[in-house]
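Enquirer: One structure coming up, written as structure tokens, with questions to follow.
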Protein chains: 2
Amino acid sequence: MTSKKQTLVTLDMEGVLTPEAWIAVAEATGIEALRRTTRDEPDYDVLMRYRLDLLKENGVTLSKMQEVVGALGVKDGALEFLDELRELTQVAILSDTFEQFAAPFMRQLKYPMLLCHRFAVEDDMVVDYEIRVPDPKRKAVAAFRSLNYQVIAAGDSYNDTSMLIEADDGFLIHAPDKVKADFPQFEAAESLEELLGLIKGVL
Amino acid sequence: MTSKKQTLVTLDMEGVLTPEAWIAVAEATGIEALRRTTRDEPDYDVLMRYRLDLLKENGVTLSKMQEVVGALGVKDGALEFLDELRELTQVAILSDTFEQFAAPFMRQLKYPMLLCHRFAVEDDMVVDYEIRVPDPKRKAVAAFRSLNYQVIAAGDSYNDTSMLIEADDGFLIHAPDKVKADFPQFEAAESLEELLGLIKGVL
């Protein structure tokens, strides 16, 4: 059934369009403890304070982090996926990343709109971080729906499920089995190509 | 004063980044009556019905309209302006145009987010149009502000002033003298370069 509404797609960034930035910094700097994720430390603020302390102790500058991310490249096919999607509908990336951290990825993806958070930076060192708004992905989907868009959301993990629930249509992409099992109501794609097909089906 | 908030810029399209699409179709088809604007007919619905009747009477297809717009090109410096802006902040184009009409412009501008309306199309003819939401520019600015963004808006005419008022910072660009006189509270730029300077001043 074709919807009568205009459409807008919201996408998670890391794991969907790009690799995980913190993991890349861990690998490039050899600071293994930067591999810690919300799976190990569910309290995001505790995790972020831990990460910022590690950056400081090891003298890892923002420039260094951006250099690592820039050298990393986006996922295979991510730019082509976005280009085809942008021919068909509007797109916003919703992420818990930070503007300065994601900038090299956005350049490679031809600047899709990215709604995320921001580092506080002094002398090229990340000294703090600012969460723009609580539950930002869900709230962004609600904001676009308030503008009378049919919103189609896709993401890979638990922190995406509130936006998938808020959206008119939600899809999982590259999701771990546990996420798929816990949210069987969302069709799961295993590639960007498959996701594009699912999205086209509801445009 | 540097704001603590993350920023997002909303821009009008026609007259700011692109030429006026209806005027271009009038010129390319020789249908002089398509030059009629909201200055001649303030009731937008009456104007749009008039335009659609003219398209039908003259057999002007959507493909033809898109061909005209595609051949037209965007304004000088518009892509460079957007590219520099997208390095600095997030950008959304807010327009009273229609998705299918603006598509060739968006392709040339590397797909910024465009929130606008949509034509109803049958057999390559525009048969109707759908207004997504009333007062869409103001509502979009309010939606982004609800996500805790400092919103900076720029446009050239009366239909932009409600979004300029709703925004944290509003600028006029290429505005007629009458608009500038009626809204002296908004600084007025005469070029995209000047507008970029004004925007940088409030980021």
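Scheme for the structure tokens: letters A, B, ... for chains in order shown; per-chain residue numbers from 1; ligand numbers from 1 in order shown.
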So that I can see what lies close to B:Gly155, please list as a PyMOL selection string the residues with an atom at most 9 Å from it, counting only C-alpha atoms and leaving out residues fewer than 3 positions away in the same chain.

Expert: chain B and resi 10-16+158-161+163-164+170-175

Enquirer: I need the chosen residues saved as a short mmCIF file (atom, residue, chain, number, x, y, z; two decimals), in the first residue's frame, with N, CA and C atoms.

Expert:
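New file selection18.cif:
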data_model
loop_
_atom_site.label_atom_id
_atom_site.label_comp_id
_atom_site.auth_asym_id
_atom_site.auth_seq_id
_atom_site.Cartn_x
_atom_site.Cartn_y
_atom_site.Cartn_z
N THR B 10 18.29 26.91 8.64
CA THR B 10 17.20 26.64 7.70
C THR B 10 17.21 27.73 6.63
N LEU B 11 17.12 27.30 5.38
CA LEU B 11 17.23 28.23 4.25
C LEU B 11 16.03 28.10 3.32
N ASP B 12 15.54 29.23 2.87
CA ASP B 12 14.60 29.23 1.76
C ASP B 12 15.33 28.75 0.50
N MET B 13 14.61 28.23 -0.47
CA MET B 13 15.27 27.74 -1.68
C MET B 13 15.24 28.74 -2.84
N GLU B 14 14.04 29.03 -3.35
CA GLU B 14 13.94 29.88 -4.54
C GLU B 14 14.29 31.33 -4.21
N GLY B 15 15.12 31.92 -5.03
CA GLY B 15 15.57 33.29 -4.80
C GLY B 15 16.80 33.35 -3.92
N VAL B 16 17.07 32.23 -3.21
CA VAL B 16 18.24 32.20 -2.32
C VAL B 16 19.31 31.28 -2.92
N TYR B 158 8.22 37.55 2.12
CA TYR B 158 7.24 37.54 3.20
C TYR B 158 6.94 36.14 3.73
N ASN B 159 6.92 35.16 2.82
CA ASN B 159 6.59 33.81 3.30
C ASN B 159 7.73 33.17 4.11
N ASP B 160 8.84 33.89 4.25
CA ASP B 160 9.92 33.40 5.12
C ASP B 160 9.90 34.05 6.50
N THR B 161 9.12 35.12 6.64
CA THR B 161 9.26 35.90 7.88
C THR B 161 8.75 35.16 9.10
N MET B 163 9.22 32.03 9.71
CA MET B 163 10.32 31.17 10.18
C MET B 163 11.46 32.02 10.77
N LEU B 164 11.65 33.21 10.23
CA LEU B 164 12.69 34.08 10.79
C LEU B 164 12.32 34.52 12.21
N GLY B 170 17.55 35.38 12.67
CA GLY B 170 16.96 35.44 11.33
C GLY B 170 17.68 36.45 10.47
N PHE B 171 17.91 36.07 9.21
CA PHE B 171 18.56 36.98 8.26
C PHE B 171 17.77 37.03 6.96
N LEU B 172 17.76 38.20 6.34
CA LEU B 172 17.20 38.33 5.00
C LEU B 172 18.34 38.22 4.00
N ILE B 173 18.02 37.70 2.82
CA ILE B 173 19.04 37.59 1.77
C ILE B 173 18.36 37.93 0.44
N HIS B 174 18.97 38.85 -0.32
CA HIS B 174 18.38 39.28 -1.60
C HIS B 174 16.92 39.72 -1.45
N ALA B 175 16.57 40.34 -0.35
CA ALA B 175 15.16 40.68 -0.11
C ALA B 175 14.79 42.00 -0.79
#

Enquirer: Report as a VMD selection string the set of chain A residues whose atoms approach chain B to within 8 Å, with distances computed over only C-alpha atoms.

Expert: chain A and resid 5 to 6 86 to 87 90 to 92 103 107 110 to 115 117 to 118 132 to 133 136 139 to 140 143 to 144 146 to 149

Enquirer: Report, in Å to a single decimal, how far apart atom CA of A:Asp156 and atom CA of A:Leu52 are.

Expert: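 Atom CA of A:Leu52 sits 25.0 Å away from atom CA of A:Asp156.
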
Enquirer: Please run DSSP on the backbone and report, as an MDAnalysis selection string, all residues within stretch 80-135 of chain B that come out as strand (DSSP E or B).

Expert: chainID B and resid 90:98 113:122 125:130

Enquirer: Can you tell me, as a compact mmCIF listing (two decimals) with C-alpha atoms, in the first residue's frame, which residues in stretch 41-195 of chain A count as helix (DSSP H, G or I) by DSSP?

Expert:
# COMPACT_ATOMS: atom_id res chain seq x y z
CA TYR A 44 26.37 6.09 29.32
CA ASP A 45 27.63 8.96 31.45
CA VAL A 46 29.96 6.66 33.42
CA LEU A 47 31.21 5.19 30.14
CA MET A 48 31.84 8.61 28.59
CA ARG A 49 33.68 9.94 31.67
CA TYR A 50 35.82 6.80 31.54
CA ARG A 51 36.58 7.37 27.85
CA LEU A 52 37.42 11.06 28.33
CA ASP A 53 39.76 10.19 31.22
CA LEU A 54 41.53 7.67 29.00
CA LEU A 55 41.94 10.23 26.21
CA LYS A 56 43.38 12.73 28.67
CA GLU A 57 45.75 10.28 30.36
CA LEU A 62 40.67 15.54 18.86
CA SER A 63 42.80 15.96 15.71
CA LYS A 64 44.21 12.48 16.27
CA MET A 65 40.70 11.05 16.73
CA GLN A 66 39.51 12.77 13.55
CA GLU A 67 42.55 11.51 11.67
CA VAL A 68 41.72 7.95 12.72
CA VAL A 69 38.07 8.32 11.72
CA GLY A 70 38.99 10.00 8.44
CA ALA A 71 41.39 7.22 7.49
CA LEU A 72 38.81 4.61 8.37
CA ALA A 78 27.13 3.29 2.34
CA LEU A 79 27.57 6.28 0.03
CA GLU A 80 25.81 4.52 -2.85
CA PHE A 81 22.99 3.50 -0.51
CA LEU A 82 22.56 7.09 0.71
CA ASP A 83 22.76 8.52 -2.81
CA GLU A 84 20.01 6.24 -4.04
CA LEU A 85 17.91 6.94 -0.94
CA ARG A 86 18.32 10.72 -1.32
CA GLU A 87 16.95 10.43 -4.86
CA LEU A 88 13.78 8.90 -3.41
CA GLU A 99 29.61 16.31 15.78
CA GLN A 100 33.39 16.66 15.76
CA PHE A 101 33.97 12.91 15.90
CA ALA A 102 31.62 12.18 13.01
CA ALA A 103 32.71 15.07 10.76
CA PRO A 104 35.16 13.01 8.65
CA PHE A 105 32.45 10.39 8.03
CA MET A 106 29.91 13.06 7.02
CA ARG A 107 32.34 14.54 4.51
CA GLN A 108 32.66 11.12 2.88
CA PRO A 136 17.25 12.24 21.03
CA LYS A 137 16.50 9.66 18.36
CA ARG A 138 12.92 9.10 19.48
CA LYS A 139 12.36 12.85 19.87
CA ALA A 140 13.71 13.59 16.38
CA VAL A 141 11.36 11.01 14.85
CA ALA A 142 8.46 12.55 16.78
CA ALA A 143 9.45 16.03 15.54
CA PHE A 144 9.46 14.90 11.89
CA ARG A 145 6.13 13.14 12.39
CA SER A 146 4.72 16.40 13.80
CA TYR A 158 18.92 -1.35 21.53
CA ASN A 159 19.51 2.39 21.52
CA ASP A 160 17.67 2.53 18.18
CA THR A 161 14.56 0.71 19.27
CA SER A 162 12.81 3.74 20.77
CA MET A 163 13.06 5.52 17.40
CA LEU A 164 11.89 2.39 15.59
CA ILE A 165 8.86 2.23 17.88
CA GLU A 166 8.14 5.95 17.41
CA ASP A 177 20.45 -11.95 17.27
CA LYS A 178 19.43 -10.83 20.74
CA VAL A 179 18.04 -7.51 19.42
CA LYS A 180 16.19 -9.36 16.66
CA ALA A 181 14.74 -11.80 19.18
CA ASP A 182 13.64 -9.03 21.55
CA LEU A 192 22.20 -2.06 3.01
CA GLU A 193 20.89 -3.39 -0.28
CA GLU A 194 18.25 -5.43 1.52
CA LEU A 195 17.40 -2.43 3.72

Enquirer: Take atom CA of A:Asp40 and atom CA of A:Glu187 and report the distance between them in Å, one decimal.

Expert: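 Answer for the atom CA of A:Asp40 to atom CA of A:Glu187 separation: 26.9 Å.
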